[in-house]
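> The following block contains the structure, expressed as structure tokens.
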Amino acid sequence: MNNITFIQDILSNFFFIAGMFFVFLGMLGLYRLPDVYNRLHATTKIGTLGAFGVMMGIVVKLGFGPMGIKAITVGLFLLLTAPVAAHMISRAAHRHGVGLCEESTLDDYGKTYCPMNSSCAVKHEETIEDEHDQM
Amino acid sequence: MNTIHLLDIALIFMVLSIIPCIHRIIKGPTIPDRVIAVDALATVIVVMLGVYSFVQESVFFMDVALVISIIAFVGTVTIAKYLDEGVVF
């Protein structure tokens, strides 16, 4: 019985430290990265891996009591909705005209969905070719 | 005794990790930057409330965490639709 409790402590501490590590990575990315999309790519890790890791640590430490059930509910909700929210806000940012950073080389979404739209801030290859054709 | 120290360290770390969110909300050059920072801030507060609920051994903070996560998701989707189409509904 004591051995099982020891393994539970080890596992829950591991999940806690993994979740805190991903929260640290997300905050570092939010502070340092140069672009909206790069920052979004870093920040979504907090919602999925960080929050889910911490909630799984609580579940492993407490078992399926009332708090464990609520913790796994919060973790699964964040795991399902954080990528959806990130996708919607990145699509809205791209259509709103927020450009990519200077080091980025390819814009597949702009090439697919707005080839003739001048509100896209990024000039990709097809737009430039279309402008040359119109000239 | 060891886990109490780890949870205290986790709470202090979550409070410290609010600072980059506030920095990005104030300084962020575009509107989606601020929306992303608010979303990350809500997620960090949810994680902090989960850890605090475990420290206090009370179930009610977990309800607060669930409500805050739902409101953050709905708010992010609403602002995304407003930026995209110009109307909310």
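Ordering of the structure tokens sets the chain letters (A, B, ...); residue numbers start at 1 within each chain; ligands are numbered from 1 in the order shown.
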Between chain B and chain A, at 9 Å or less, what are the per-residue closest atom pairs and their distances in Å? Count only C-alpha atoms, order by chain and rising residue number, and return it as JSON lines.

```
{"residue": "B:Thr3", "atom": "CA", "partner": "A:Asn13", "partner_atom": "CA", "distance": 7.5}
{"residue": "B:Leu6", "atom": "CA", "partner": "A:Asn13", "partner_atom": "CA", "distance": 7.9}
{"residue": "B:Leu7", "atom": "CA", "partner": "A:Phe16", "partner_atom": "CA", "distance": 8.5}
{"residue": "B:Ala10", "atom": "CA", "partner": "A:Met20", "partner_atom": "CA", "distance": 7.0}
{"residue": "B:Phe13", "atom": "CA", "partner": "A:Met20", "partner_atom": "CA", "distance": 7.9}
{"residue": "B:Met14", "atom": "CA", "partner": "A:Met20", "partner_atom": "CA", "distance": 8.1}
{"residue": "B:Ser17", "atom": "CA", "partner": "A:Met27", "partner_atom": "CA", "distance": 6.4}
{"residue": "B:Ile18", "atom": "CA", "partner": "A:Met27", "partner_atom": "CA", "distance": 8.4}
{"residue": "B:Ile19", "atom": "CA", "partner": "A:Met27", "partner_atom": "CA", "distance": 8.8}
{"residue": "B:Pro20", "atom": "CA", "partner": "A:Tyr31", "partner_atom": "CA", "distance": 5.7}
{"residue": "B:Cys21", "atom": "CA", "partner": "A:Leu30", "partner_atom": "CA", "distance": 7.4}
{"residue": "B:His23", "atom": "CA", "partner": "A:Tyr31", "partner_atom": "CA", "distance": 7.9}
{"residue": "B:Arg24", "atom": "CA", "partner": "A:Tyr31", "partner_atom": "CA", "distance": 7.0}
{"residue": "B:Thr30", "atom": "CA", "partner": "A:Val98", "partner_atom": "CA", "distance": 7.5}
{"residue": "B:Ile31", "atom": "CA", "partner": "A:Ala93", "partner_atom": "CA", "distance": 8.3}
{"residue": "B:Pro32", "atom": "CA", "partner": "A:Ala93", "partner_atom": "CA", "distance": 6.0}
{"residue": "B:Asp33", "atom": "CA", "partner": "A:Val36", "partner_atom": "CA", "distance": 5.9}
{"residue": "B:Val35", "atom": "CA", "partner": "A:Ile89", "partner_atom": "CA", "distance": 8.0}
{"residue": "B:Ile36", "atom": "CA", "partner": "A:Leu40", "partner_atom": "CA", "distance": 6.6}
{"residue": "B:Ala37", "atom": "CA", "partner": "A:Leu30", "partner_atom": "CA", "distance": 7.7}
{"residue": "B:Asp39", "atom": "CA", "partner": "A:Thr43", "partner_atom": "CA", "distance": 8.7}
{"residue": "B:Ala40", "atom": "CA", "partner": "A:Thr43", "partner_atom": "CA", "distance": 6.4}
{"residue": "B:Thr43", "atom": "CA", "partner": "A:Gly47", "partner_atom": "CA", "distance": 6.0}
{"residue": "B:Val44", "atom": "CA", "partner": "A:Ile46", "partner_atom": "CA", "distance": 7.6}
{"residue": "B:Val46", "atom": "CA", "partner": "A:Ala51", "partner_atom": "CA", "distance": 7.7}
{"residue": "B:Val47", "atom": "CA", "partner": "A:Ala51", "partner_atom": "CA", "distance": 5.6}
{"residue": "B:Gly50", "atom": "CA", "partner": "A:Met55", "partner_atom": "CA", "distance": 7.0}
{"residue": "B:Val51", "atom": "CA", "partner": "A:Val54", "partner_atom": "CA", "distance": 7.7}
{"residue": "B:Ser53", "atom": "CA", "partner": "A:Met67", "partner_atom": "CA", "distance": 8.4}
{"residue": "B:Phe54", "atom": "CA", "partner": "A:Ile58", "partner_atom": "CA", "distance": 7.2}
{"residue": "B:Glu57", "atom": "CA", "partner": "A:Met67", "partner_atom": "CA", "distance": 8.6}
{"residue": "B:Ser58", "atom": "CA", "partner": "A:Met67", "partner_atom": "CA", "distance": 7.9}
{"residue": "B:Val59", "atom": "CA", "partner": "A:Met67", "partner_atom": "CA", "distance": 5.5}
{"residue": "B:Phe60", "atom": "CA", "partner": "A:Met67", "partner_atom": "CA", "distance": 8.8}
{"residue": "B:Met62", "atom": "CA", "partner": "A:Lys70", "partner_atom": "CA", "distance": 6.4}
{"residue": "B:Asp63", "atom": "CA", "partner": "A:Lys70", "partner_atom": "CA", "distance": 7.5}
{"residue": "B:Ala65", "atom": "CA", "partner": "A:Val74", "partner_atom": "CA", "distance": 7.3}
{"residue": "B:Leu66", "atom": "CA", "partner": "A:Val74", "partner_atom": "CA", "distance": 5.5}
{"residue": "B:Ser69", "atom": "CA", "partner": "A:Leu78", "partner_atom": "CA", "distance": 7.1}
{"residue": "B:Ile70", "atom": "CA", "partner": "A:Phe77", "partner_atom": "CA", "distance": 8.2}
{"residue": "B:Phe73", "atom": "CA", "partner": "A:Ala85", "partner_atom": "CA", "distance": 6.4}
{"residue": "B:Val74", "atom": "CA", "partner": "A:Ala85", "partner_atom": "CA", "distance": 8.6}
{"residue": "B:Thr76", "atom": "CA", "partner": "A:Ala85", "partner_atom": "CA", "distance": 6.2}
{"residue": "B:Val77", "atom": "CA", "partner": "A:Ala85", "partner_atom": "CA", "distance": 5.9}
{"residue": "B:Ile79", "atom": "CA", "partner": "A:Ile89", "partner_atom": "CA", "distance": 7.9}
{"residue": "B:Ala80", "atom": "CA", "partner": "A:Ile89", "partner_atom": "CA", "distance": 4.9}
{"residue": "B:Lys81", "atom": "CA", "partner": "A:Ala92", "partner_atom": "CA", "distance": 7.0}
{"residue": "B:Tyr82", "atom": "CA", "partner": "A:Ala92", "partner_atom": "CA", "distance": 8.4}
{"residue": "B:Leu83", "atom": "CA", "partner": "A:Ala92", "partner_atom": "CA", "distance": 5.8}
{"residue": "B:Asp84", "atom": "CA", "partner": "A:Ala92", "partner_atom": "CA", "distance": 4.6}
{"residue": "B:Glu85", "atom": "CA", "partner": "A:Ala92", "partner_atom": "CA", "distance": 8.4}
```
> Next, dump the selected residues to file, keeping only C-alpha atoms, as a short mmCIF file (atom, residue, chain, number, x, y, z; two decimals), in the first residue's frame.

```cif
data_model
loop_
_atom_site.label_atom_id
_atom_site.label_comp_id
_atom_site.auth_asym_id
_atom_site.auth_seq_id
_atom_site.Cartn_x
_atom_site.Cartn_y
_atom_site.Cartn_z
CA THR B 3 4.60 18.00 -2.23
CA LEU B 6 6.39 21.75 -4.87
CA LEU B 7 2.87 23.22 -4.91
CA ALA B 10 4.11 26.08 -8.61
CA PHE B 13 5.78 30.38 -10.65
CA MET B 14 2.24 30.87 -11.98
CA SER B 17 4.29 33.98 -15.37
CA ILE B 18 1.49 36.55 -15.46
CA ILE B 19 4.13 39.26 -16.06
CA PRO B 20 4.88 38.41 -19.76
CA CYS B 21 1.13 38.38 -20.45
CA HIS B 23 3.78 43.03 -20.98
CA ARG B 24 2.34 41.64 -24.21
CA THR B 30 -1.59 44.45 -33.15
CA ILE B 31 -4.99 43.42 -31.82
CA PRO B 32 -4.49 39.62 -32.21
CA ASP B 33 -1.38 39.91 -30.03
CA VAL B 35 -6.16 38.64 -27.74
CA ILE B 36 -3.55 35.87 -27.59
CA ALA B 37 -2.09 37.39 -24.43
CA ASP B 39 -6.18 33.94 -23.71
CA ALA B 40 -2.82 32.85 -22.26
CA THR B 43 -5.24 29.75 -19.11
CA VAL B 44 -2.54 30.55 -16.56
CA VAL B 46 -7.09 28.41 -14.70
CA VAL B 47 -3.95 26.40 -13.93
CA GLY B 50 -6.43 24.22 -10.08
CA VAL B 51 -3.25 24.16 -8.02
CA SER B 53 -7.85 24.25 -5.17
CA PHE B 54 -5.56 21.32 -4.44
CA GLU B 57 -8.48 21.10 -0.39
CA SER B 58 -11.67 22.78 -1.58
CA VAL B 59 -13.69 21.81 -4.66
CA PHE B 60 -15.14 25.24 -5.38
CA MET B 62 -12.21 24.07 -9.61
CA ASP B 63 -15.72 25.33 -10.54
CA ALA B 65 -11.52 27.42 -13.12
CA LEU B 66 -14.08 25.68 -15.38
CA SER B 69 -11.98 28.56 -19.17
CA ILE B 70 -15.44 28.55 -20.81
CA PHE B 73 -12.98 30.33 -25.07
CA VAL B 74 -16.24 32.11 -25.91
CA THR B 76 -11.69 34.46 -27.98
CA VAL B 77 -14.05 33.02 -30.59
CA ILE B 79 -13.27 38.52 -30.93
CA ALA B 80 -11.99 36.31 -33.76
CA LYS B 81 -15.33 36.50 -35.54
CA TYR B 82 -15.47 40.23 -34.98
CA LEU B 83 -12.01 40.72 -36.47
CA ASP B 84 -12.78 38.43 -39.36
CA GLU B 85 -16.22 39.52 -40.52
#
```
> So the first atom is atom CA of Tyr109 of chain A and the second is atom CA of Val38 of chain B; what is the distance between them in Å, to one decimal place?
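Between atom CA of Tyr109 of chain A and atom CA of Val38 of chain B the gap works out to 24.9 Å.
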> Give me the residues near Leu11 of chain A as a compact mmCIF listing (two decimals) with N, CA and C atoms, in the first residue's frame, where near means some atom within 8 Å (using only C-alpha atoms) and where sequence neighbours in that chain fewer than 3 positions away do not count.

```
# COMPACT_ATOMS: atom_id res chain seq x y z
N ILE A 7 4.49 5.58 -5.65
CA ILE A 7 4.44 5.70 -7.11
C ILE A 7 3.49 6.82 -7.54
N GLN A 8 2.36 6.96 -6.81
CA GLN A 8 1.43 8.07 -7.09
C GLN A 8 2.11 9.42 -6.90
N PHE A 14 5.79 14.35 -11.36
CA PHE A 14 6.28 14.41 -12.75
C PHE A 14 5.31 15.19 -13.63
N PHE A 15 3.99 14.94 -13.47
CA PHE A 15 3.02 15.68 -14.28
C PHE A 15 3.01 17.16 -13.94
N GLY A 57 -1.87 15.75 -13.06
CA GLY A 57 -1.16 15.58 -11.79
C GLY A 57 -2.12 15.55 -10.62
N VAL A 60 -4.04 12.20 -10.69
CA VAL A 60 -3.23 11.06 -10.21
C VAL A 60 -3.05 11.13 -8.70
```
